[in-house]
>>> print(open('upload_22.txt').read())   # compact mmCIF, C-alpha atoms (C1' of nucleotides)
# COMPACT_ATOMS: atom_id res chain seq x y z
CA MET A 1 -2.59 -4.93 -8.08
CA ALA A 2 0.24 -6.41 -10.04
CA LEU A 3 2.20 -8.73 -7.80
CA GLU A 4 1.14 -11.50 -10.15
CA HIS A 5 2.72 -9.63 -13.03
CA ALA A 6 5.90 -8.93 -11.13
CA ILE A 7 6.17 -12.65 -10.39
CA LEU A 8 5.51 -13.54 -14.02
CA VAL A 9 8.26 -11.20 -15.20
CA SER A 10 10.69 -12.50 -12.62
CA LEU A 11 9.92 -16.12 -13.55
CA LEU A 12 10.32 -15.33 -17.24
CA GLU A 13 13.70 -13.78 -16.58
CA LYS A 14 14.61 -16.89 -14.61
CA PRO A 15 12.37 -19.71 -13.36
CA GLY A 16 12.74 -20.77 -9.73
CA SER A 17 11.08 -21.59 -6.42
CA GLY A 18 8.97 -19.36 -4.23
CA TYR A 19 11.86 -19.03 -1.86
CA GLU A 20 14.20 -17.90 -4.63
CA LEU A 21 11.59 -15.38 -5.76
CA ALA A 22 11.32 -14.05 -2.22
CA ARG A 23 15.06 -13.45 -2.19
CA ARG A 24 14.95 -11.68 -5.52
CA PHE A 25 12.24 -9.44 -4.10
CA ASP A 26 14.70 -8.53 -1.38
CA ARG A 27 17.32 -7.65 -3.96
CA SER A 28 17.22 -6.46 -7.53
CA ILE A 29 13.46 -6.54 -8.05
CA GLY A 30 12.90 -5.32 -4.50
CA TYR A 31 14.27 -1.92 -5.46
CA PHE A 32 11.04 -1.16 -7.25
CA TRP A 33 8.69 -3.81 -5.92
CA THR A 34 8.53 -5.22 -2.40
CA ALA A 35 6.87 -8.47 -1.38
CA THR A 36 7.21 -10.84 1.57
CA HIS A 37 7.52 -14.58 1.21
CA GLN A 38 3.99 -14.95 2.55
CA GLN A 39 2.49 -12.97 -0.27
CA ILE A 40 4.60 -14.75 -2.83
CA TYR A 41 3.67 -18.26 -1.67
CA ARG A 42 0.00 -17.37 -1.52
CA VAL A 43 -0.13 -15.69 -4.92
CA LEU A 44 2.03 -18.39 -6.47
CA LYS A 45 -0.41 -21.04 -5.31
CA ARG A 46 -3.32 -19.13 -6.80
CA MET A 47 -1.43 -18.61 -10.04
CA GLU A 48 -0.71 -22.31 -10.22
CA GLY A 49 -4.41 -23.03 -9.71
CA ASP A 50 -5.24 -20.65 -12.55
CA GLY A 51 -2.70 -22.30 -14.83
CA TRP A 52 -0.52 -19.23 -15.16
CA VAL A 53 2.54 -21.07 -13.90
CA ALA A 54 3.51 -24.75 -13.78
CA ALA A 55 5.20 -26.28 -10.74
CA ARG A 56 7.65 -29.14 -10.65
CA GLU A 57 8.63 -30.77 -7.34
CA VAL A 58 12.38 -30.95 -6.95
CA PRO A 59 13.67 -33.28 -4.20
CA GLN A 60 16.90 -32.11 -2.64
CA GLN A 61 19.43 -33.67 -0.36
CA GLY A 62 20.22 -31.94 2.89
CA LYS A 63 17.58 -29.32 2.15
CA PRO A 64 13.79 -29.42 2.07
CA ASP A 65 12.15 -30.23 -1.23
CA LYS A 66 11.31 -27.23 -3.35
CA LYS A 67 8.73 -26.38 -5.95
CA HIS A 68 10.28 -25.12 -9.14
CA TYR A 69 7.98 -22.77 -11.02
CA ALA A 70 7.96 -21.78 -14.68
CA VAL A 71 5.55 -19.57 -16.61
CA ALA A 72 2.89 -21.45 -18.57
CA ALA A 73 1.27 -20.34 -21.83
CA ALA A 74 -1.72 -18.83 -20.01
CA GLY A 75 0.62 -16.76 -17.84
CA HIS A 76 2.41 -15.50 -20.89
CA ALA A 77 -0.90 -14.40 -22.39
CA VAL A 78 -1.88 -12.64 -19.16
CA LEU A 79 1.37 -10.69 -19.12
CA ASP A 80 0.99 -9.71 -22.75
CA ALA A 81 -2.54 -8.43 -22.13
CA TRP A 82 -1.30 -6.47 -19.12
CA LEU A 83 1.37 -4.75 -21.22
CA HIS A 84 -1.39 -3.37 -23.41
CA GLU A 85 -3.26 -1.87 -20.46
CA PRO A 86 -2.64 1.74 -19.45
CA ILE A 87 0.04 2.37 -16.86
CA GLU A 88 -1.58 3.13 -13.54
CA PRO A 89 -0.38 6.18 -11.64
CA GLU A 90 1.71 5.23 -8.63
CA SER A 91 -0.08 5.69 -5.33
CA VAL A 92 2.25 8.03 -3.52
CA ARG A 93 2.91 7.73 0.18
CA HIS A 94 5.91 9.73 1.36
CA ASP A 95 6.41 9.77 5.08
CA LEU A 96 9.22 12.25 4.69
CA ALA A 97 7.16 14.89 2.91
CA VAL A 98 4.60 14.74 5.73
CA LYS A 99 7.33 15.04 8.35
CA ILE A 100 8.89 18.03 6.64
CA ARG A 101 5.63 19.92 6.62
CA GLY A 102 5.07 18.77 10.20
CA ALA A 103 8.41 20.25 11.25
CA ALA A 104 6.80 23.70 11.15
CA PHE A 105 4.87 22.67 14.28
CA GLY A 106 7.61 20.83 16.11
CA ASP A 107 11.35 20.70 16.49
CA PRO A 108 13.13 21.13 13.13
CA SER A 109 16.48 20.03 14.57
CA ALA A 110 14.98 16.66 15.55
CA LEU A 111 14.00 16.14 11.95
CA MET A 112 17.41 17.23 10.68
CA ARG A 113 19.09 14.29 12.39
CA GLN A 114 16.64 11.87 10.80
CA VAL A 115 17.06 13.44 7.37
CA GLU A 116 20.82 13.07 7.65
CA ARG A 117 20.43 9.37 8.42
CA TYR A 118 17.97 9.02 5.58
CA ARG A 119 20.40 10.73 3.24
CA GLN A 120 23.03 8.20 4.22
CA VAL A 121 20.71 5.33 3.27
CA HIS A 122 20.09 6.79 -0.17
CA SER A 123 23.77 7.52 -0.64
CA GLU A 124 24.54 3.85 -0.01
CA ARG A 125 21.75 2.75 -2.28
CA LEU A 126 23.15 4.87 -5.09
CA ALA A 127 26.60 3.36 -4.59
CA HIS A 128 25.04 -0.09 -4.68
CA TYR A 129 23.18 0.66 -7.91
CA LEU A 130 26.32 2.04 -9.53
CA ALA A 131 28.30 -1.03 -8.51
CA GLY A 132 25.59 -3.24 -9.97
CA GLU A 133 25.57 -1.28 -13.19
CA LEU A 134 29.32 -1.59 -13.54
CA ARG A 135 29.15 -5.33 -12.82
CA ASP A 136 26.18 -6.26 -14.99
CA PHE A 137 25.89 -3.75 -17.80
CA THR A 138 28.98 -1.60 -18.31
CA GLY A 139 31.55 -4.36 -18.11
CA PRO A 140 33.00 -6.33 -21.00
CA ASP A 141 29.85 -8.47 -21.05
CA ALA A 142 27.23 -6.10 -22.37
CA PRO A 143 25.84 -8.34 -25.08
CA ALA A 144 23.09 -7.19 -27.43
CA GLU A 145 20.58 -9.98 -26.94
CA PRO A 146 17.86 -9.81 -29.56
CA ASP A 147 15.06 -9.77 -26.94
CA GLY A 148 16.60 -6.78 -25.18
CA MET A 149 16.15 -8.26 -21.70
CA GLY A 150 19.42 -6.92 -20.35
CA GLU A 151 18.90 -3.58 -22.04
CA LEU A 152 15.50 -3.19 -20.39
CA GLN A 153 16.85 -4.22 -17.00
CA HIS A 154 19.54 -1.61 -17.52
CA VAL A 155 17.12 1.21 -18.29
CA VAL A 156 15.16 0.36 -15.13
CA LEU A 157 18.38 0.48 -13.15
CA ARG A 158 19.24 3.82 -14.73
CA GLY A 159 15.87 5.00 -13.46
CA GLY A 160 16.84 3.94 -9.96
CA ILE A 161 20.14 5.75 -10.26
CA ALA A 162 18.47 8.92 -11.51
CA TYR A 163 15.98 8.69 -8.66
CA GLU A 164 18.70 8.38 -6.02
CA ARG A 165 20.71 11.27 -7.45
CA MET A 166 17.62 13.45 -7.54
CA THR A 167 16.73 12.44 -3.99
CA LEU A 168 20.20 13.22 -2.65
CA ALA A 169 20.16 16.69 -4.21
CA TRP A 170 16.70 17.34 -2.81
CA LEU A 171 17.67 16.13 0.68
CA ASP A 172 20.51 18.68 0.63
CA ASP A 173 17.91 21.29 -0.24
CA VAL A 174 15.74 20.06 2.65
CA LEU A 175 18.64 20.17 5.10
CA ALA A 176 19.61 23.68 4.03
CA THR A 177 16.01 24.81 4.49
CA LEU A 178 15.75 23.21 7.92
CA HIS A 179 19.04 24.84 8.94
CA ARG A 180 17.82 28.22 7.83
CA ILE A 181 14.61 27.90 9.82
CA HIS A 182 16.40 26.56 12.86
CA ALA A 183 18.88 29.45 12.81
CA ARG A 184 16.00 31.90 12.57
CA THR A 185 13.73 30.42 15.25
CA GLY A 186 16.52 29.11 17.46
CA HIS A 187 17.36 32.57 18.77
CA MET B 1 1.25 3.78 8.95
CA ALA B 2 1.07 7.50 9.18
CA LEU B 3 -2.28 8.66 7.87
CA GLU B 4 -2.95 9.96 11.36
CA HIS B 5 0.17 12.09 11.13
CA ALA B 6 -0.70 13.39 7.69
CA ILE B 7 -4.09 14.43 9.04
CA LEU B 8 -2.51 16.09 12.07
CA VAL B 9 -0.16 18.11 9.86
CA SER B 10 -2.96 19.11 7.53
CA LEU B 11 -5.17 20.18 10.45
CA LEU B 12 -2.33 22.16 11.97
CA GLU B 13 -1.76 23.96 8.70
CA LYS B 14 -5.49 24.68 8.61
CA PRO B 15 -8.29 23.18 10.72
CA GLY B 16 -11.37 21.94 8.91
CA SER B 17 -13.92 19.19 8.38
CA GLY B 18 -13.38 15.64 7.19
CA TYR B 19 -14.79 16.61 3.84
CA GLU B 20 -12.38 19.50 3.47
CA LEU B 21 -9.51 17.21 4.42
CA ALA B 22 -10.60 14.72 1.78
CA ARG B 23 -10.46 17.44 -0.85
CA ARG B 24 -7.00 18.51 0.28
CA PHE B 25 -5.91 14.90 -0.09
CA ASP B 26 -7.07 15.11 -3.68
CA ARG B 27 -4.99 18.25 -4.21
CA SER B 28 -1.85 19.64 -2.65
CA ILE B 29 -1.31 16.98 -0.01
CA GLY B 30 -2.48 14.29 -2.39
CA TYR B 31 0.68 14.74 -4.43
CA PHE B 32 2.62 12.88 -1.79
CA TRP B 33 -0.09 11.19 0.22
CA THR B 34 -3.34 9.71 -1.04
CA ALA B 35 -6.41 8.94 1.07
CA THR B 36 -10.09 8.47 0.35
CA HIS B 37 -12.84 10.14 2.35
CA GLN B 38 -13.68 6.76 3.87
CA GLN B 39 -10.27 6.40 5.43
CA ILE B 40 -10.27 9.98 6.62
CA TYR B 41 -13.67 9.78 8.34
CA ARG B 42 -12.77 6.51 10.01
CA VAL B 43 -9.36 7.64 11.24
CA LEU B 44 -10.69 11.05 12.25
CA LYS B 45 -13.29 9.37 14.45
CA ARG B 46 -10.65 7.23 16.10
CA MET B 47 -8.39 10.24 16.61
CA GLU B 48 -11.27 12.11 18.23
CA GLY B 49 -11.83 9.16 20.57
CA ASP B 50 -8.15 9.20 21.49
CA GLY B 51 -8.25 12.93 22.16
CA TRP B 52 -5.80 13.83 19.40
CA VAL B 53 -8.27 16.17 17.77
CA ALA B 54 -11.30 18.09 19.04
CA ALA B 55 -14.50 18.33 17.01
CA ARG B 56 -17.01 21.14 16.95
CA GLU B 57 -20.39 20.72 15.25
CA VAL B 58 -21.08 23.56 12.82
CA PRO B 59 -24.68 23.89 11.65
CA GLN B 60 -25.00 25.23 8.12
CA GLN B 61 -27.88 26.50 6.04
CA GLY B 62 -28.54 24.84 2.70
CA LYS B 63 -25.77 22.33 3.40
CA PRO B 64 -25.50 19.43 5.82
CA ASP B 65 -23.98 20.14 9.19
CA LYS B 66 -20.26 19.61 9.38
CA LYS B 67 -17.80 18.65 12.05
CA HIS B 68 -14.98 21.12 12.34
CA TYR B 69 -11.80 19.52 13.62
CA ALA B 70 -8.77 21.09 15.28
CA VAL B 71 -5.66 19.45 16.73
CA ALA B 72 -5.72 19.00 20.51
CA ALA B 73 -2.74 19.05 22.85
CA ALA B 74 -2.43 15.26 22.80
CA GLY B 75 -2.31 15.28 19.00
CA HIS B 76 0.41 17.89 19.06
CA ALA B 77 2.44 15.68 21.38
CA VAL B 78 1.93 12.65 19.15
CA LEU B 79 3.18 14.55 16.13
CA ASP B 80 6.20 15.82 17.99
CA ALA B 81 7.12 12.31 19.10
CA TRP B 82 6.71 11.06 15.54
CA LEU B 83 9.13 13.70 14.25
CA HIS B 84 11.79 12.21 16.52
CA GLU B 85 11.30 8.71 15.11
CA PRO B 86 13.48 7.51 12.25
CA ILE B 87 12.18 8.05 8.74
CA GLU B 88 10.89 4.80 7.35
CA PRO B 89 12.04 3.79 3.89
CA GLU B 90 9.27 4.16 1.32
CA SER B 91 7.78 0.88 0.20
CA VAL B 92 8.29 1.05 -3.52
CA ARG B 93 5.73 -0.29 -5.97
CA HIS B 94 6.37 0.79 -9.53
CA ASP B 95 4.09 -0.81 -12.06
CA LEU B 96 6.05 0.80 -14.85
CA ALA B 97 9.38 -0.75 -13.91
CA VAL B 98 7.76 -4.19 -13.93
CA LYS B 99 6.15 -3.52 -17.30
CA ILE B 100 9.43 -2.37 -18.81
CA ARG B 101 11.19 -5.54 -17.79
CA GLY B 102 8.15 -7.48 -18.97
CA ALA B 103 8.41 -5.90 -22.41
CA ALA B 104 11.31 -8.23 -23.15
CA PHE B 105 8.77 -11.06 -23.29
CA GLY B 106 5.98 -9.26 -25.10
CA ASP B 107 5.34 -6.46 -27.53
CA PRO B 108 7.59 -3.44 -26.88
CA SER B 109 5.57 -1.21 -29.20
CA ALA B 110 2.42 -1.80 -27.11
CA LEU B 111 4.31 -0.51 -24.10
CA MET B 112 5.66 2.48 -26.00
CA ARG B 113 2.16 3.86 -26.51
CA GLN B 114 1.43 3.55 -22.80
CA VAL B 115 4.73 5.17 -21.85
CA GLU B 116 3.97 8.10 -24.12
CA ARG B 117 0.61 8.61 -22.39
CA TYR B 118 2.26 8.28 -19.02
CA ARG B 119 4.85 10.86 -20.02
CA GLN B 120 2.04 13.24 -20.89
CA VAL B 121 0.55 12.84 -17.40
CA HIS B 122 3.85 13.68 -15.74
CA SER B 123 4.42 16.59 -18.08
CA GLU B 124 1.07 18.05 -17.02
CA ARG B 125 1.82 17.41 -13.38
CA LEU B 126 5.10 19.30 -13.67
CA ALA B 127 3.33 22.23 -15.29
CA HIS B 128 0.78 22.18 -12.48
CA TYR B 129 3.49 22.18 -9.81
CA LEU B 130 5.33 25.03 -11.50
CA ALA B 131 2.12 27.06 -11.72
CA GLY B 132 1.49 26.41 -8.02
CA GLU B 133 5.00 27.44 -7.12
CA LEU B 134 4.65 30.67 -9.03
CA ARG B 135 1.30 31.36 -7.40
CA ASP B 136 2.13 30.47 -3.81
CA PHE B 137 5.86 30.92 -3.29
CA THR B 138 7.60 32.89 -6.01
CA GLY B 139 5.08 35.72 -6.25
CA PRO B 140 5.20 39.03 -4.38
CA ASP B 141 3.79 37.30 -1.30
CA ALA B 142 6.69 35.15 -0.15
CA PRO B 143 6.66 36.21 3.49
CA ALA B 144 9.24 34.93 5.95
CA GLU B 145 6.97 33.53 8.67
CA PRO B 146 8.94 32.72 11.80
CA ASP B 147 7.59 29.14 11.92
CA GLY B 148 8.73 28.42 8.37
CA MET B 149 5.48 26.74 7.36
CA GLY B 150 5.44 28.16 3.84
CA GLU B 151 9.16 27.56 3.42
CA LEU B 152 8.71 23.89 4.31
CA GLN B 153 5.73 23.53 2.02
CA HIS B 154 7.88 25.05 -0.69
CA VAL B 155 10.76 22.63 -0.23
CA VAL B 156 8.33 19.70 -0.46
CA LEU B 157 6.94 21.17 -3.66
CA ARG B 158 10.48 21.59 -5.01
CA GLY B 159 10.90 17.88 -4.33
CA GLY B 160 7.85 17.15 -6.44
CA ILE B 161 9.19 19.35 -9.23
CA ALA B 162 12.58 17.64 -9.12
CA TYR B 163 10.86 14.25 -9.19
CA GLU B 164 8.79 15.12 -12.25
CA ARG B 165 11.77 16.52 -14.13
CA MET B 166 13.80 13.42 -13.34
CA THR B 167 10.91 11.19 -14.38
CA LEU B 168 10.43 12.96 -17.70
CA ALA B 169 14.11 12.62 -18.56
CA TRP B 170 14.04 8.96 -17.62
CA LEU B 171 10.89 8.29 -19.66
CA ASP B 172 12.69 9.71 -22.68
CA ASP B 173 15.48 7.27 -21.95
CA VAL B 174 12.93 4.45 -21.69
CA LEU B 175 11.28 5.41 -24.98
CA ALA B 176 14.62 5.59 -26.78
CA THR B 177 15.52 2.14 -25.43
CA LEU B 178 12.18 0.66 -26.49
CA HIS B 179 12.56 2.18 -29.95
CA ARG B 180 16.03 0.70 -30.31
CA ILE B 181 14.81 -2.77 -29.35
CA HIS B 182 11.76 -2.51 -31.55
CA ALA B 183 13.83 -1.48 -34.54
CA ARG B 184 16.17 -4.42 -33.92
CA THR B 185 13.55 -7.13 -33.33
CA GLY B 186 10.91 -5.66 -35.66
CA HIS B 187 12.77 -6.85 -38.80
C1' DC C 1 26.08 -29.71 22.84
C1' DT C 2 23.20 -26.06 22.46
C1' DT C 3 22.13 -21.91 20.32
C1' DG C 4 21.30 -19.72 16.24
C1' DC C 5 21.12 -19.21 11.14
C1' DC C 6 19.88 -20.93 6.38
C1' DT C 7 16.86 -23.38 3.25
C1' DA C 8 11.93 -24.21 2.21
C1' DT C 9 7.06 -24.00 2.77
C1' DG C 10 2.80 -22.81 4.83
C1' DA C 11 -1.44 -21.47 8.30
C1' DA C 12 -3.85 -18.02 10.82
C1' DA C 13 -4.92 -13.56 12.47
C1' DC C 14 -4.74 -8.91 12.03
C1' DG C 15 -4.66 -4.26 10.06
C1' DA C 16 -4.97 -1.03 6.37
C1' DG C 17 -6.99 0.43 2.05
C1' DT C 18 -10.64 0.10 -1.61
C1' DT C 19 -15.30 -0.17 -3.46
C1' DG C 20 -20.08 0.03 -3.34
C1' DC C 21 -23.98 1.74 -1.25
C1' DA C 22 -27.01 5.02 1.56
C1' DT C 23 -28.76 9.44 3.12
C1' DA C 24 -30.18 14.17 2.14
C1' DG C 25 -31.02 18.86 0.72
C1' DA C 26 -29.43 22.67 -2.65
C1' DG C 27 -28.52 24.14 -7.02
C1' DG C 28 -27.78 23.98 -12.05
C1' DA C 29 -28.49 21.82 -16.58
C1' DT C 30 -31.40 19.52 -20.34
C1' DA D 1 -39.92 17.50 -14.75
C1' DT D 2 -35.73 14.97 -14.45
C1' DC D 3 -31.02 14.24 -14.09
C1' DC D 4 -26.61 15.39 -12.47
C1' DT D 5 -23.36 17.44 -9.40
C1' DC D 6 -21.81 19.28 -4.96
C1' DT D 7 -21.68 19.33 0.03
C1' DA D 8 -21.29 16.23 4.06
C1' DT D 9 -21.13 12.01 6.62
C1' DG D 10 -21.12 7.20 7.30
C1' DC D 11 -21.81 1.60 7.13
C1' DA D 12 -20.52 -2.90 5.32
C1' DA D 13 -18.01 -6.02 2.63
C1' DC D 14 -13.97 -7.11 0.45
C1' DT D 15 -9.14 -7.32 -1.00
C1' DC D 16 -4.43 -6.84 -0.11
C1' DG D 17 -0.36 -6.74 2.82
C1' DT D 18 1.96 -7.59 7.35
C1' DT D 19 3.05 -10.12 11.47
C1' DT D 20 3.40 -14.06 14.12
C1' DC D 21 3.87 -18.75 14.51
C1' DA D 22 4.99 -23.65 13.02
C1' DT D 23 7.65 -27.36 10.89
C1' DA D 24 12.06 -29.54 9.81
C1' DG D 25 16.66 -30.92 8.68
C1' DG D 26 21.52 -29.30 7.96
C1' DC D 27 25.42 -26.59 9.22
C1' DA D 28 28.55 -23.57 11.69
C1' DA D 29 30.09 -21.14 15.92
C1' DG D 30 30.61 -20.83 20.72
>>> encode(input="upload_22.txt", output="structure tokens")
Amino acid sequence: MALEHAILVSLLEKPGSGYELARRFDRSIGYFWTATHQQIYRVLKRMEGDGWVAAREVPQQGKPDKKHYAVAAAGHAVLDAWLHEPIEPESVRHDLAVKIRGAAFGDPSALMRQVERYRQVHSERLAHYLAGELRDFTGPDAPAEPDGMGELQHVVLRGGIAYERMTLAWLDDVLATLHRIHARTGH
Amino acid sequence: MALEHAILVSLLEKPGSGYELARRFDRSIGYFWTATHQQIYRVLKRMEGDGWVAAREVPQQGKPDKKHYAVAAAGHAVLDAWLHEPIEPESVRHDLAVKIRGAAFGDPSALMRQVERYRQVHSERLAHYLAGELRDFTGPDAPAEPDGMGELQHVVLRGGIAYERMTLAWLDDVLATLHRIHARTGH
DNA sequence: CTTGCCTATGAAACGAGTTGCATAGAGGAT
DNA sequence: ATCCTCTATGCAACTCGTTTCATAGGCAAG
């Protein structure tokens, strides 16, 4: 489990409240790591108890008070140790792959409609990534910070883009295969 | 949650015991869906109670008795209904992406070693997929079954191959980026 | 003026997945 | 002789993630 680490990285990139973190996990970070606000609040509280992060109460007008979090020295050490640990293999769980193999025992045309919708989602996600890349990394402001923070964010985004392109090409392959089978078994 | 559906598909492709299923989930099916024997036994028992699968006790000599499962009519109906449901977006959880962004606040060279090991794992996985493709789908026995079971298994495998190729190319990109940053910040 | 959304945090219950342990006989290795 | 591995199933405890609900003020739309 590494939600703690994802929170540490996000807070190092930019400190903020649990609520702000939850929104980031719905956006940029959420493309490769999902978390609900419940998880974030709970883990954040534990991390504060362990001294990984330090909270500062910020009174606000018109809005509820918020707790502003920043990474403490202990949290920094934890992250550094984690970077030295081996990368764990992702635990795969692809609904779609199961459905495709299941289509042999059901109605392939039913699946085709769902795959087309799914393809649309990934097509939009790719467009969104590309727009983000243009905005944040390929524009006139592509500064070479010494820490390489932006450069590393960019290479992760390029990974997302490569993933979406690969997925779209594969979904076309899937659709062609389903069509072929449907044409054969349909009559 | 769709472990039930993964089990149904696997049992339709070939009926068998919980133990056999667990081994399949460590092999072919495990490439896109992981499950331990604990989960499988528990879910299998529930599915039997719900009438989705039917069990048959098979006494064996020298080995413990086993329960041989096959999909019942109700299970077939459940699977068919599931195929009509929309495909849920995968919940992403990429340790590596978090680590890469974390490398901006730690030691990039520590991460490089881990990425190189990780690349090795994916390289081996690709080789394994390609060997499996050659063995099961590209050999002399590539029969056109009317139900398209093998064809659908093949397109899922092609997805795995495409994923590994994309990942390897991206990992090279990641390594080049880490090298660049390390060279810049190292001195 | 009431309904609904946004900010901001949190409790409680539930469900799914993981880990450790237990049983038990057959067979191979040291 | 002893240890390890494989087949085959299962219980119990635990962790992690999801869902539902609650509070509470401000703001905008109808």
>>> residues_around(input="upload_22.txt", residues="DT7 (chain C)", least_positions_apart="5", cutoff="9 Å", atoms="all atoms listed in the file", output="JSON, numbers by chain")
{"A": [19, 63, 64], "D": [26]}
>>> atom_distance(input="upload_22.txt", atom1="CA of Pro15 (chain A)", atom2="CA of Ile181 (chain B)")
23.4 Å
>>> interface_residues(input="upload_22.txt", of="chain A", to="chain D", cutoff="12 Å", atoms="all atoms listed in the file", output="JSON, numbers by chain")
{"A": [1, 2, 3, 34, 35, 36, 37, 38, 39, 40, 42, 43, 60, 61, 62, 63, 64, 65]}
>>> residues_near_point(input="upload_22.txt", point="(-6.5, 22.5, 6.5)", cutoff="6 Å", atoms="all atoms listed in the file", output="MDAnalysis selection string")
chainID B and resid 10:11 13:16
>>> write_last_selection(input="upload_22.txt", atoms="C-alpha atoms", output="short mmCIF file (atom, residue, chain, number, x, y, z; two decimals), in the coordinates of the input")
data_model
loop_
_atom_site.label_atom_id
_atom_site.label_comp_id
_atom_site.auth_asym_id
_atom_site.auth_seq_id
_atom_site.Cartn_x
_atom_site.Cartn_y
_atom_site.Cartn_z
CA SER B 10 -2.96 19.11 7.53
CA LEU B 11 -5.17 20.18 10.45
CA GLU B 13 -1.76 23.96 8.70
CA LYS B 14 -5.49 24.68 8.61
CA PRO B 15 -8.29 23.18 10.72
CA GLY B 16 -11.37 21.94 8.91
#
>>> atom_distance(input="upload_22.txt", atom1="CA of Gln114 (chain B)", atom2="CA of Gly159 (chain A)")
17.3 Å
>>> residues_around(input="upload_22.txt", residues="region 116-127 of chain B", least_positions_apart="5", cutoff="10 Å", atoms="all atoms listed in the file", output="list of chain:residue names")
A:Pro86, A:Ile87, A:Glu88, A:Pro89, B:Tyr31, B:Leu96, B:Leu111, B:Gly132, B:Glu133, B:Gly160, B:Ile161, B:Ala162, B:Tyr163, B:Glu164, B:Arg165, B:Thr167, B:Leu168, B:Ala169, B:Trp170, B:Leu171, B:Asp172, B:Val174, B:Leu175
>>> closest_atom_pairs(input="upload_22.txt", of="chain C", to="chain B", cutoff="8 Å", atoms="all atoms listed in the file", output="tab-separated table")
residue	atom	partner	partner_atom	distance
C:DG17	C1'	B:Gln39	CA	7.6
C:DA24	C1'	B:Pro64	CA	7.9
C:DG25	C1'	B:Gly62	CA	6.8
C:DA26	C1'	B:Gly62	CA	5.8
>>> write_last_selection(input="upload_22.txt", atoms="C-alpha atoms (C1' of nucleotides)", output="PDB file, in the frame of the given file")
ATOM      1  C1'  DG C  17      -6.990   0.430   2.050  1.00  0.00           C
ATOM      2  C1'  DA C  24     -30.180  14.170   2.140  1.00  0.00           C
ATOM      3  C1'  DG C  25     -31.020  18.860   0.720  1.00  0.00           C
ATOM      4  C1'  DA C  26     -29.430  22.670  -2.650  1.00  0.00           C
TER       5       DA C  26
END
>>> residues_near_point(input="upload_22.txt", point="(-9.8, 15.3, 2.7)", cutoff="9 Å", atoms="all atoms listed in the file", output="ChimeraX atom specification")
/B:7,17-27,30,35-37,40-41
